[in-house]
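What follows is the content of protein-v8.txt (compact mmCIF, C-alpha atoms).
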```
# COMPACT_ATOMS: atom_id res chain seq x y z
CA MET A 1 16.88 65.21 10.24
CA ARG A 2 18.19 63.55 13.42
CA TRP A 3 14.99 61.53 13.74
CA ILE A 4 15.23 60.40 10.15
CA ALA A 5 18.73 59.12 10.92
CA ALA A 6 17.43 57.36 14.05
CA PHE A 7 14.56 55.81 12.07
CA ALA A 8 16.95 54.63 9.33
CA GLY A 9 19.15 53.10 12.04
CA LEU A 10 16.13 51.41 13.62
CA LEU A 11 15.08 49.89 10.30
CA THR A 12 18.61 48.71 9.57
CA GLY A 13 18.85 47.16 13.04
CA LEU A 14 15.53 45.39 12.62
CA VAL A 15 16.49 43.99 9.21
CA ILE A 16 19.90 42.79 10.40
CA ALA A 17 18.38 41.22 13.52
CA VAL A 18 15.75 39.39 11.48
CA VAL A 19 18.39 38.15 9.01
CA ALA A 20 20.61 37.03 11.92
CA LEU A 21 17.63 35.23 13.43
CA LEU A 22 16.88 33.44 10.17
CA LEU A 23 20.52 32.43 9.70
CA ASN A 24 20.76 31.37 13.33
CA PRO A 25 23.07 28.31 13.46
CA VAL A 26 21.64 27.06 16.77
CA PRO A 27 18.84 24.89 15.29
CA HIS A 28 21.38 22.88 13.25
CA ARG A 29 22.69 21.41 16.50
CA GLY A 30 19.39 19.73 17.32
CA LEU A 31 18.83 18.18 13.89
CA LEU A 32 19.27 14.43 13.56
CA GLN A 33 20.93 13.05 10.45
CA PRO A 34 19.36 10.24 8.36
CA LEU A 35 20.03 6.68 9.44
CA SER A 36 22.29 4.33 7.56
CA GLY A 37 22.84 0.59 7.58
CA ASP A 38 21.40 -2.61 6.16
CA ASP A 39 18.79 -2.84 8.89
CA VAL A 40 17.16 0.53 8.14
CA LEU A 41 13.58 0.36 6.88
CA THR A 42 12.83 3.34 4.61
CA LEU A 43 9.22 4.24 3.90
CA ARG A 44 7.67 6.96 1.76
CA TYR A 45 4.28 8.60 1.85
CA GLN A 46 2.30 11.56 0.62
CA GLN A 47 0.56 13.57 3.27
CA VAL A 48 -2.89 13.85 1.74
CA ASN A 49 -5.40 12.74 4.35
CA SER A 50 -4.77 15.33 7.06
CA ARG A 51 -7.06 17.20 9.35
CA GLY A 52 -6.29 20.03 11.74
CA PHE A 53 -3.74 22.82 11.80
CA ASP A 54 -1.42 23.37 8.87
CA PRO A 55 2.27 23.48 9.91
CA SER A 56 2.78 26.94 8.44
CA LEU A 57 4.53 29.99 9.86
CA PRO A 58 1.26 31.71 10.88
CA ALA A 59 0.13 28.52 12.63
CA PHE A 60 3.37 28.33 14.63
CA LEU A 61 3.04 32.02 15.52
CA GLY A 62 -0.48 31.53 16.83
CA ARG A 63 -2.47 32.67 13.83
CA PRO A 64 -3.49 29.43 12.19
CA PRO A 65 -5.27 29.76 8.87
CA TYR A 66 -8.30 27.52 8.82
CA PRO A 67 -9.54 27.32 5.23
CA GLU A 68 -12.59 25.10 4.88
CA ASP A 69 -10.79 22.39 2.94
CA ARG A 70 -8.40 21.82 5.85
CA MET A 71 -11.29 20.56 8.01
CA PRO A 72 -10.21 22.23 11.26
CA LEU A 73 -10.53 20.56 14.62
CA PRO A 74 -12.49 23.26 16.44
CA ASP A 75 -12.37 21.79 19.94
CA PRO A 76 -10.23 24.09 22.15
CA ALA A 77 -7.86 21.29 23.14
CA LEU A 78 -7.28 20.29 19.50
CA ARG A 79 -6.66 23.68 17.89
CA HIS A 80 -2.91 23.13 17.55
CA LEU A 81 -3.07 19.51 16.53
CA ARG A 82 -2.99 17.78 13.17
CA THR A 83 -3.85 14.18 12.50
CA THR A 84 -3.16 12.20 9.34
CA MET A 85 -3.96 8.73 8.09
CA LEU A 86 -1.50 7.55 5.53
CA VAL A 87 -0.33 4.63 3.48
CA LEU A 88 3.37 3.87 3.78
CA THR A 89 5.23 2.35 0.85
CA GLY A 90 8.47 0.47 1.41
CA ARG A 91 11.23 2.02 -0.70
CA GLU A 92 12.93 -1.31 -1.36
CA ASP A 93 10.07 -3.77 -1.73
CA GLY A 94 7.00 -1.56 -2.28
CA ARG A 95 5.20 -3.24 0.60
CA LEU A 96 2.27 -1.26 1.94
CA GLY A 97 1.60 -0.35 5.55
CA LEU A 98 -0.88 1.83 7.34
CA ALA A 99 -0.06 4.64 9.75
CA VAL A 100 -1.72 7.33 11.81
CA ARG A 101 0.44 10.33 12.50
CA THR A 102 -0.61 12.93 15.06
CA SER A 103 1.38 16.15 15.32
CA ALA A 104 0.95 18.57 18.20
CA LEU A 105 2.73 21.91 18.51
CA ALA A 106 5.73 21.40 20.79
CA ARG A 107 5.50 23.05 24.18
CA ASP A 108 9.07 24.36 24.12
CA ASN A 109 9.09 26.27 20.83
CA SER A 110 11.31 29.35 20.72
CA LEU A 111 11.96 31.88 17.96
CA LEU A 112 15.32 32.83 19.50
CA GLN A 113 16.47 29.21 19.42
CA GLY A 114 15.10 28.56 15.94
CA ARG A 115 12.70 25.92 17.16
CA LEU A 116 9.28 25.68 15.54
CA ALA A 117 8.61 22.07 16.29
CA THR A 118 5.84 19.55 16.51
CA GLU A 119 5.73 16.50 18.72
CA GLU A 120 5.03 13.52 16.49
CA HIS A 121 3.11 10.48 17.64
CA TRP A 122 3.04 7.54 15.22
CA LEU A 123 0.98 4.39 15.10
CA LEU A 124 2.17 1.99 12.38
CA GLY A 125 0.85 -1.37 11.23
CA TRP A 126 1.34 -4.03 8.59
CA PRO A 127 -0.97 -7.00 8.03
CA GLY A 128 0.16 -9.97 10.04
CA GLU A 129 2.84 -8.17 12.06
CA PRO A 130 2.89 -6.58 15.51
CA GLY A 131 2.14 -2.86 15.37
CA MET A 132 4.54 -0.11 16.35
CA VAL A 133 4.27 3.14 18.23
CA ALA A 134 6.85 5.86 17.78
CA THR A 135 7.37 9.31 19.23
CA ALA A 136 9.64 11.96 17.77
CA SER A 137 10.11 15.68 17.43
CA SER A 138 10.14 17.52 14.09
CA ASN A 139 11.65 20.99 13.78
CA HIS A 140 10.10 22.81 10.79
CA TRP A 141 12.32 25.89 11.18
CA PHE A 142 14.44 25.47 8.06
CA MET A 143 11.58 24.55 5.79
CA LEU A 144 9.44 27.47 7.00
CA ARG A 145 12.40 29.85 6.76
CA ASP A 146 13.05 28.89 3.15
CA GLU A 147 9.34 29.03 2.31
CA LEU A 148 9.29 32.57 3.70
CA TRP A 149 12.37 33.49 1.69
CA SER A 150 10.89 31.93 -1.41
CA ARG A 151 7.69 33.95 -1.00
CA LEU A 152 9.56 37.19 -0.33
CA HIS A 153 11.75 36.54 -3.32
CA GLY A 154 8.67 35.68 -5.38
CA SER A 155 10.44 32.78 -7.03
CA GLY A 156 8.37 29.93 -5.59
CA VAL A 157 11.47 27.79 -5.95
CA VAL A 158 12.31 25.28 -3.24
CA LEU A 159 15.89 25.84 -2.17
CA TYR A 160 16.84 22.33 -1.11
CA PRO A 161 15.72 18.92 -2.39
CA ARG A 162 15.44 17.57 1.15
CA TYR A 163 14.62 19.06 4.54
CA LEU A 164 15.49 17.07 7.64
CA LEU A 165 12.73 17.29 10.22
CA SER A 166 13.79 14.96 13.04
CA SER A 167 15.33 16.82 15.93
CA LEU A 168 15.98 16.41 19.61
CA GLY A 169 12.77 16.74 21.60
CA SER A 170 12.12 18.68 24.77
CA GLY A 171 14.61 17.56 27.40
CA ARG A 172 16.92 16.54 24.50
CA THR A 173 15.02 13.29 24.04
CA LEU A 174 15.66 11.14 20.97
CA PRO A 175 12.99 9.59 18.75
CA GLU A 176 11.96 6.21 20.09
CA ILE A 177 10.00 3.19 18.93
CA ALA A 178 7.90 1.02 21.22
CA ALA A 179 6.94 -2.21 19.56
CA ALA A 180 6.64 -5.25 21.79
CA GLY A 181 7.20 -8.34 19.68
CA SER A 182 8.93 -6.49 16.85
CA PRO A 183 12.66 -6.24 16.11
CA PHE A 184 12.25 -2.46 16.01
CA ALA A 185 11.35 -2.25 19.72
CA GLY A 186 13.70 0.22 21.36
CA GLY A 187 14.87 1.51 17.99
CA THR A 188 14.80 4.99 16.53
CA LEU A 189 13.20 6.97 13.71
CA ARG A 190 14.09 9.77 11.29
CA GLU A 191 11.94 11.84 8.99
CA TRP A 192 12.48 14.29 6.18
CA VAL A 193 10.44 15.91 3.45
CA GLU A 194 11.29 16.18 -0.23
CA PRO A 195 9.40 19.24 -1.46
CA GLY A 196 7.90 18.87 -4.90
CA GLN A 197 8.66 21.59 -7.44
CA GLY A 198 5.10 22.41 -8.45
CA ARG A 199 3.77 19.01 -7.39
CA ALA A 200 3.04 17.13 -4.21
CA SER A 201 5.81 16.78 -1.64
CA HIS A 202 6.97 13.38 -0.46
CA TRP A 203 7.74 12.49 3.12
CA VAL A 204 10.22 9.79 4.06
CA ILE A 205 10.59 8.03 7.39
CA GLN A 206 13.30 5.62 8.42
CA LEU A 207 13.01 3.03 11.16
CA GLN A 208 16.00 1.27 12.65
CA PRO A 209 16.13 -1.46 15.30
CA PRO A 210 18.43 -0.95 18.29
CA ALA A 211 22.05 -1.90 17.88
CA PRO A 212 22.68 -5.48 19.06
CA PRO A 213 24.57 -5.78 22.34
CA PRO A 214 28.32 -6.35 21.95
CA PRO A 215 29.34 -10.03 22.06
CA ALA A 216 30.41 -11.33 25.44
CA PRO A 217 34.20 -11.55 25.81
CA MET B 1 29.43 68.26 14.05
CA LEU B 2 26.14 67.58 12.30
CA ALA B 3 27.52 64.37 10.81
CA ARG B 4 28.62 63.14 14.24
CA THR B 5 25.21 63.91 15.71
CA MET B 6 23.51 62.10 12.83
CA ALA B 7 25.82 59.11 13.28
CA ARG B 8 24.99 59.00 17.00
CA TYR B 9 21.29 58.97 16.24
CA TYR B 10 21.74 56.36 13.53
CA ILE B 11 23.72 54.04 15.82
CA GLY B 12 21.21 54.58 18.65
CA GLY B 13 18.38 53.66 16.29
CA PHE B 14 20.34 50.66 15.01
CA ILE B 15 20.88 49.28 18.52
CA GLY B 16 17.24 49.99 19.27
CA GLY B 17 16.23 47.99 16.18
CA LEU B 18 18.38 45.03 17.25
CA LEU B 19 16.91 45.09 20.75
CA LEU B 20 13.37 45.47 19.46
CA ALA B 21 13.69 42.42 17.19
CA ALA B 22 15.29 40.36 19.96
CA LEU B 23 12.56 41.32 22.41
CA ALA B 24 9.85 40.54 19.87
CA ALA B 25 11.40 37.09 19.25
CA LEU B 26 11.71 36.49 22.98
CA LEU B 27 8.29 37.70 24.06
CA TRP B 28 6.13 36.75 21.07
CA PRO B 29 3.20 34.80 22.56
CA LEU B 30 3.59 31.41 20.88
CA PRO B 31 0.44 29.29 21.05
CA GLU B 32 -0.17 26.90 23.91
CA HIS B 33 -2.49 23.94 24.16
CA HIS B 34 -5.70 24.34 26.05
CA ARG B 35 -5.70 22.06 29.06
CA PHE B 36 -8.60 20.76 31.08
CA ARG B 37 -8.10 19.71 34.68
CA SER B 38 -6.92 16.09 34.70
CA LEU B 39 -9.50 13.78 36.28
CA ILE B 40 -7.25 11.26 38.00
CA ASP B 41 -8.01 9.06 41.01
CA VAL B 42 -5.18 7.99 43.28
CA LEU B 43 -5.19 4.25 43.94
CA PRO B 44 -4.42 2.64 47.32
CA ASN B 45 -1.13 1.31 45.91
CA GLY B 46 -0.02 4.84 44.97
CA GLY B 47 -0.84 4.41 41.31
CA ARG B 48 -3.38 6.42 39.38
CA ALA B 49 -6.59 5.59 37.59
CA GLU B 50 -7.96 7.60 34.69
CA THR B 51 -10.87 6.86 32.40
CA PHE B 52 -11.11 8.03 28.78
CA VAL B 53 -14.33 8.08 26.82
CA ILE B 54 -15.16 7.98 23.11
CA ARG B 55 -18.73 8.46 21.91
CA TRP B 56 -19.52 6.83 18.62
CA PRO B 57 -20.39 7.67 15.97
CA GLN B 58 -20.14 11.41 16.73
CA ASP B 59 -16.53 11.28 17.90
CA ARG B 60 -15.28 9.64 14.73
CA LEU B 61 -12.95 12.02 12.88
CA GLU B 62 -13.70 12.25 9.21
CA LEU B 63 -10.71 13.00 7.02
CA PRO B 64 -10.61 14.74 3.63
CA GLY B 65 -8.86 13.51 0.52
CA ASP B 66 -8.57 10.18 -1.27
CA PHE B 67 -6.00 7.46 -1.49
CA LEU B 68 -5.01 5.99 -4.82
CA VAL B 69 -2.73 3.19 -3.78
CA GLY B 70 -4.20 0.19 -5.53
CA ASP B 71 -7.19 -1.95 -4.62
CA ARG B 72 -5.85 -3.30 -1.34
CA VAL B 73 -6.39 -0.02 0.48
CA ALA B 74 -9.93 0.97 1.32
CA ARG B 75 -11.21 4.03 2.98
CA ALA B 76 -14.56 4.92 4.50
CA ALA B 77 -14.21 8.68 4.78
CA ALA B 78 -17.40 9.28 6.73
CA LEU B 79 -16.27 6.80 9.36
CA GLY B 80 -12.69 8.04 9.65
CA LEU B 81 -11.65 4.51 8.82
CA MET B 82 -8.94 3.03 6.66
CA VAL B 83 -8.21 -0.62 5.94
CA LEU B 84 -5.32 -2.41 4.30
CA GLU B 85 -5.53 -6.07 3.25
CA ASP B 86 -2.75 -8.38 2.17
CA GLU B 87 -2.89 -11.30 -0.29
CA ARG B 88 -3.62 -13.81 2.51
CA ASP B 89 -6.64 -11.86 3.86
CA GLY B 90 -4.72 -10.40 6.76
CA ARG B 91 -6.09 -6.97 7.62
CA VAL B 92 -4.98 -3.89 9.42
CA SER B 93 -7.49 -1.14 10.07
CA ALA B 94 -7.04 2.33 11.51
CA GLU B 95 -9.71 4.53 13.05
CA LEU B 96 -9.59 8.03 14.47
CA PHE B 97 -11.68 9.49 17.24
CA ARG B 98 -11.94 12.51 19.50
CA LEU B 99 -10.90 11.56 23.01
CA ARG B 100 -12.83 12.76 26.07
CA ASP B 101 -12.17 12.72 29.78
CA SER B 102 -14.69 11.19 32.16
CA ALA B 103 -16.51 14.55 32.36
CA GLY B 104 -17.06 14.56 28.59
CA ASN B 105 -14.53 17.29 27.69
CA VAL B 106 -12.66 16.72 24.41
CA ILE B 107 -9.03 16.53 25.54
CA GLY B 108 -7.28 14.89 22.58
CA VAL B 109 -7.51 12.35 19.79
CA ALA B 110 -7.40 8.58 19.89
CA ALA B 111 -6.15 6.36 17.09
CA ARG B 112 -7.06 2.70 17.08
CA MET B 113 -5.16 0.23 14.93
CA ALA B 114 -6.42 -3.36 14.83
CA ILE B 115 -4.34 -6.04 13.18
CA ALA B 116 -6.19 -9.23 12.26
CA PRO B 117 -4.56 -12.43 11.05
CA PRO B 118 -6.30 -14.32 8.23
CA ALA B 119 -9.73 -15.86 8.89
CA GLY B 120 -11.24 -16.23 12.24
CA ALA B 121 -8.55 -15.46 14.76
CA ARG B 122 -8.73 -12.63 17.25
CA SER B 123 -7.18 -9.31 16.42
CA THR B 124 -4.62 -7.29 18.35
CA THR B 125 -5.30 -3.62 18.95
CA ASP B 126 -2.90 -0.75 19.61
CA TRP B 127 -4.41 2.46 20.96
CA LEU B 128 -2.59 5.76 20.74
CA LEU B 129 -4.12 8.43 22.95
CA VAL B 130 -2.67 11.88 22.21
CA ILE B 131 -3.49 14.66 24.66
CA PRO B 132 -1.62 17.71 23.28
CA SER B 133 -1.23 19.45 26.61
CA ARG B 134 0.04 16.33 28.37
CA GLY B 135 1.68 13.88 25.97
CA SER B 136 0.70 10.51 24.59
CA LEU B 137 -0.12 7.08 25.88
CA ALA B 138 0.06 3.86 23.85
CA LEU B 139 -1.87 0.78 24.91
CA ARG B 140 -1.82 -2.74 23.51
CA GLN B 141 -4.39 -5.48 23.91
CA LEU B 142 -5.39 -8.84 22.59
CA ASP B 143 -9.01 -8.40 21.50
CA SER B 144 -11.90 -10.56 22.65
CA ARG B 145 -12.77 -11.21 18.97
CA ASP B 146 -11.77 -10.00 15.51
CA LEU B 147 -12.24 -6.25 15.88
CA ALA B 148 -10.51 -5.10 12.71
CA ALA B 149 -12.78 -3.45 10.16
CA ARG B 150 -14.38 -5.82 7.68
CA ARG B 151 -16.35 -5.63 4.47
CA ILE B 152 -20.10 -5.14 4.70
CA SER B 153 -22.69 -4.09 2.14
CA ARG B 154 -25.37 -2.27 4.01
CA GLY B 155 -26.66 1.28 4.27
CA GLY B 156 -24.37 2.47 1.50
CA ALA B 157 -21.27 1.51 3.47
CA SER B 158 -18.69 -0.95 2.24
CA TRP B 159 -16.54 -1.25 5.36
CA ALA B 160 -17.40 -1.17 9.04
CA SER B 161 -15.73 -1.68 12.34
CA PRO B 162 -17.83 -4.69 13.34
CA ALA B 163 -18.75 -4.11 16.93
CA LEU B 164 -18.86 -0.34 16.66
CA ASP B 165 -21.16 -0.09 13.70
CA ASP B 166 -22.86 -3.43 13.36
CA SER B 167 -25.56 -4.04 15.95
CA ARG B 168 -25.84 -7.71 14.96
CA VAL B 169 -22.87 -8.46 17.19
CA TRP B 170 -24.75 -6.91 20.09
CA ALA B 171 -27.65 -9.38 20.03
CA GLY B 172 -28.95 -9.77 23.57
CA ARG B 173 -26.41 -7.52 25.25
CA SER B 174 -25.53 -3.87 25.56
CA ARG B 175 -22.03 -4.08 27.01
CA MET B 176 -18.93 -5.90 25.83
CA THR B 177 -15.34 -6.01 27.01
CA ALA B 178 -13.20 -5.57 23.93
CA SER B 179 -9.86 -6.22 25.62
CA ALA B 180 -8.99 -9.81 26.54
CA GLY B 181 -5.32 -9.78 27.44
CA PRO B 182 -2.40 -10.08 27.73
CA VAL B 183 -2.89 -9.09 31.39
CA ALA B 184 -5.13 -11.28 33.56
CA GLY B 185 -8.68 -10.07 34.04
CA MET B 186 -9.25 -9.29 30.34
CA ARG B 187 -6.91 -6.32 30.46
CA GLY B 188 -4.43 -4.88 28.03
CA SER B 189 -1.12 -3.29 28.96
CA VAL B 190 0.53 0.11 28.69
CA LEU B 191 3.01 -0.05 25.81
CA HIS B 192 4.59 3.39 25.94
CA GLY B 193 4.20 6.84 27.45
CA ASN B 194 5.46 10.22 26.36
CA GLY B 195 5.42 13.64 28.04
CA GLU B 196 3.51 13.37 31.33
CA PHE B 197 3.01 9.68 30.68
CA ARG B 198 6.72 8.93 30.24
CA GLY B 199 7.84 5.99 32.36
CA MET B 200 4.29 4.84 33.09
CA THR B 201 3.47 1.16 33.23
CA GLY B 202 0.14 -0.42 33.91
CA ARG B 203 -2.95 -1.98 32.44
CA HIS B 204 -6.24 -1.02 30.94
CA THR B 205 -9.68 -2.31 30.07
CA GLU B 206 -11.58 -1.38 26.93
CA THR B 207 -15.35 -1.66 27.23
CA TRP B 208 -18.01 -0.91 24.62
CA THR B 209 -21.50 0.11 25.63
CA VAL B 210 -24.49 0.47 23.32
CA ASP B 211 -26.83 3.34 24.13
CA GLU B 212 -29.11 3.08 21.11
CA ARG B 213 -29.68 0.61 18.29
CA LEU B 214 -30.61 2.15 14.97
CA PRO B 215 -33.00 0.65 12.39
CA ASP B 216 -30.29 0.49 9.70
CA GLY B 217 -28.24 -1.95 11.74
CA PHE B 218 -25.82 0.56 13.20
CA ALA B 219 -25.67 1.68 16.80
CA ARG B 220 -24.72 4.57 19.05
CA GLY B 221 -22.67 4.08 22.12
CA ARG B 222 -19.46 4.66 24.03
CA ILE B 223 -16.00 3.20 24.30
CA LEU B 224 -14.55 3.36 27.80
CA ILE B 225 -10.80 3.00 28.25
CA GLU B 226 -10.09 2.58 31.94
CA THR B 227 -6.42 2.79 32.84
CA GLU B 228 -4.50 1.99 36.01
CA MET B 229 -0.90 3.15 35.88
CA GLN B 230 2.12 3.89 37.97
CA ARG B 231 5.60 5.12 37.28
CA SER B 232 7.98 2.27 36.60
CA SER B 233 10.25 3.45 39.45
CA GLU B 234 7.38 3.40 42.00
```

When written as C-alpha cells, how does the structure in this file appear?
Amino acid sequence: MRWIAAFAGLLTGLVIAVVALLLNPVPHRGLLQPLSGDDVLTLRYQQVNSRGFDPSLPAFLGRPPYPEDRMPLPDPALRHLRTTMLVLTGREDGRLGLAVRTSALARDNSLLQGRLATEEHWLLGWPGEPGMVATASSNHWFMLRDELWSRLHGSGVVLYPRYLLSSLGSGRTLPEIAAAGSPFAGGTLREWVEPGQGRASHWVIQLQPPAPPPPAP
Amino acid sequence: MLARTMARYYIGGFIGGLLLAALAALLWPLPEHHRFRSLIDVLPNGGRAETFVIRWPQDRLELPGDFLVGDRVARAAALGLMVLEDERDGRVSAELFRLRDSAGNVIGVAARMAIAPPAGARSTTDWLLVIPSRGSLALRQLDSRDLAARRISRGGASWASPALDDSRVWAGRSRMTASAGPVAGMRGSVLHGNGEFRGMTGRHTETWTVDERLPDGFARGRILIETEMQRSSE
C-alpha cells in the first residue's frame, strides 16, 4: 500500500514537472517580436523544396525520423542539417526572389530553458540587385509544444494562427544581414510561421535596414 | 497513523517525480554535430588559410518537390539548381552542393547564388558555406564571366550552370579562375562570418578544374575555394 502511494506520488510529480516544463515562461524572453515601419520588406514562402532533417520533436531530441520522401543527408556532418531552396514573394508588390535557407541544430539547445532552436543561414537574391546573406536563430519550442499538445489531445487543431520563430542566438546575438551594396546591410530579420489548418503552412520573413544615424546637431 | 505514513510516501514519491523529470530534462543527450578536424594552415602574417572543395556533379544536392510560381521560375531538380528570370532577362540562379575539406571529408553544405545582369555582362556570386559544427562563412566575388545558370537544350536538360556542366566553355583548358574581384589578384572577399567565423575578414579565390570531359557535353571536376582570413581585430 505504501509503495502504491509512493508510485502515485511519483507519477503526479512527473506529470506536474512536465506540465511546468511545457508552460515554462523562460523561452518567451528570447523571442523577438515582428518588425514594424515603412521600410520593412515582408516576404512569404512555402517550404516545399527541403532536404535533410525535419524540425520535429524527435529530431530535436536526437531521434530524427528519416522517411524516404524527406531525402536525408546521410553524411555524418550533415545529419542535423536541413537545406531548402525557395521562392520568396513580396507581400506588397508580389515581386519574386530566390533564397537558400540552411538550418542547423543550435549548439546551445536546452530542454530546461525551453530552447529547441536552429541556426538559420540565408542567402537571398533578386535579379539585378546585390544579394544578401543573413544569419538568425529560430526557436521552435512553442510550435513543437503545441503540436505535441494537439497530438495528445487528438484534435489536430493548431492553437495559434502565428508562431514567432526568431529568437536571440547563442551569446544573445541578434539576427543580422550582411549585404554590401544593399540598403539592408547591417539590418535585421524576423521570421514566423502561419500553420495551415489542414493545408500547407506559410512562412513569413521580414527584412529591415538599419536605423539611420541621428542628424548632426 | 496509516494515513500519515501514506502521505509521507506520496510526498516522497512526488518530490522524486519532480527531481526525475528535472534530471531527465537536464541530462537528456541532445544531438551534436559531427566535427572533423579543421585543416587550417597558419599564415606568416598570423592569418589562416583553409581550402574547401566541391566535386561536381556528385556533390550537387538534389531537392525534392516542385515549384508552381509562374513561368519565370525554373528548376532542374537533378542538378540542385533553381533559376529566376525577370522581364529584362536579368537572372539569379541558386545551386546547392556538399562541401568538403581539403582531405575530402564532407563537412557542410555550400550554396552558390549568381546574379547576372541582362545580356553579356559578368555575374556576381555570393557563396554561403555552412559547416554545422563551426558556423557559416559568406563570400562575395565578381565573376570572370557570366556564371549564372542559363538555358540549354541538350541531353534532356533545359538549364545548366555554364562552366560547371557545359564543356564547350572549357575548350583548350582544364582550369579556370571563376573569381575576378573585387580584391586584386582575381580574388573575392569575405562578406560575413558566423560562429567560429564571426569577425573574420579576408579574401578568397574560386577555381574550377575539369577532371573528365563527357561525350554528352558535360564534365566532371572540382571547385576549389581557397580562403585567407584573419580576425578583424588582428

Inset, instruction - Identify every residue of chain A that has at least one atom within 7 Å of any atom of chain B, counting only C-alpha atoms, and report the result as a ChimeraX atom specification. - result: /A:2,5-14,17-18,48-51,60-62,75-78,80,98,100,104,107,111-112,123,125-128,131,178

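Closest approach to Asp143 in chain B among B:Ala219, B:Leu214, B:Ile54, B:Val183: B:Val183, based on only C-alpha atoms.
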
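Look at Met200 in chain B: the protein and nucleic acid residues within 8 Å of it, using all atoms listed in the file and passing over chain neighbours fewer than 5 places away, are B:Val190, B:His192, B:Gly193, B:Met229, B:Gln230, B:Arg231, B:Ser232.
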
Inset, instruction - Name all residues at most 7 Å from range 19-36 of chain A (count only C-alpha atoms; drop same-chain ones fewer than 4 positions away) and give them as an NGL selection string. - result: :A and (15 or 40 or 112-115 or 145 or 166-168 or 190 or 206)

Using the selection just defined, write its residues with C-alpha atoms as a compact mmCIF listing (two decimals), in the coordinates of the input.
```txt
# COMPACT_ATOMS: atom_id res chain seq x y z
CA VAL A 15 16.49 43.99 9.21
CA VAL A 40 17.16 0.53 8.14
CA LEU A 112 15.32 32.83 19.50
CA GLN A 113 16.47 29.21 19.42
CA GLY A 114 15.10 28.56 15.94
CA ARG A 115 12.70 25.92 17.16
CA ARG A 145 12.40 29.85 6.76
CA SER A 166 13.79 14.96 13.04
CA SER A 167 15.33 16.82 15.93
CA LEU A 168 15.98 16.41 19.61
CA ARG A 190 14.09 9.77 11.29
CA GLN A 206 13.30 5.62 8.42
```

Mind working out the centre and edge lengths of an axis-aligned box for range 31-35 of chain A, all listed atoms inside, 8 Å added to each side, rounded to one decimal in Å and written as AutoDock Vina command-line options?
```
--center_x 19.9 --center_y 12.4 --center_z 11.1 --size_x 18.1 --size_y 27.5 --size_z 21.5
```

Legend entry - Pairwise distance for CA of Val53 in chain B and CA of Ser179 in chain B, rounded to one decimal in Å: 15.0 Å

Could you pull the residues within 6 Å of Glu120 in chain A, counting all atoms listed in the file, minus those fewer than 3 positions along the same chain, as a PDB file with C-alpha atoms, in the coordinates of the input?
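Contents of the output file around-v4.pdb:
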```
ATOM      1  CA  THR A 102      -0.610  12.930  15.060  1.00  0.00           C
ATOM      2  CA  SER A 103       1.380  16.150  15.320  1.00  0.00           C
ATOM      3  CA  THR A 135       7.370   9.310  19.230  1.00  0.00           C
ATOM      4  CA  ALA A 136       9.640  11.960  17.770  1.00  0.00           C
ATOM      5  CA  SER A 137      10.110  15.680  17.430  1.00  0.00           C
TER       6      SER A 137
END
```

Legend entry - Two-atom distance - CA of Met85 in chain A, CA of Tyr163 in chain A (Å): 21.6 Å

Legend entry - Gap from CA of Arg198 in chain B to CA of Leu43 in chain B - Å, one decimal: 18.7 Å

Inset, instruction - For range 87-94 of chain A, please output as a count of residues only all residues within 7 Å (counting only C-alpha atoms; exclusion window: fewer than 5 positions along the same chain). - result: 5

Inset, instruction - Find, counting only C-alpha atoms, the residue in A:Glu176, A:Ala185, A:Met132, A:Val193 that gets nearest to Pro161 in chain A. - result: A:Val193

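Proximity ranking of A:Gly169, A:Gly37, A:Gly154, A:Pro183 relative to Glu129 in chain A places A:Pro183 first, based on all atoms listed in the file.
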
Legend entry - Test item: residues at most 7 Å from range 208-217 of chain A, only C-alpha atoms, excluding those fewer than 6 positions along its chain, as a VMD selection string: chain A and resid 39 to 41 183 to 189

Limited to C-alpha atoms, could you put the picked residues into a file as a PDB file, in the coordinates of the input?
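Ended up saving to selection-v5.pdb:
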```pdb
ATOM      1  CA  ASP A  39      18.790  -2.840   8.890  1.00  0.00           C
ATOM      2  CA  VAL A  40      17.160   0.530   8.140  1.00  0.00           C
ATOM      3  CA  LEU A  41      13.580   0.360   6.880  1.00  0.00           C
ATOM      4  CA  PRO A 183      12.660  -6.240  16.110  1.00  0.00           C
ATOM      5  CA  PHE A 184      12.250  -2.460  16.010  1.00  0.00           C
ATOM      6  CA  ALA A 185      11.350  -2.250  19.720  1.00  0.00           C
ATOM      7  CA  GLY A 186      13.700   0.220  21.360  1.00  0.00           C
ATOM      8  CA  GLY A 187      14.870   1.510  17.990  1.00  0.00           C
ATOM      9  CA  THR A 188      14.800   4.990  16.530  1.00  0.00           C
ATOM     10  CA  LEU A 189      13.200   6.970  13.710  1.00  0.00           C
TER      11      LEU A 189
END
```
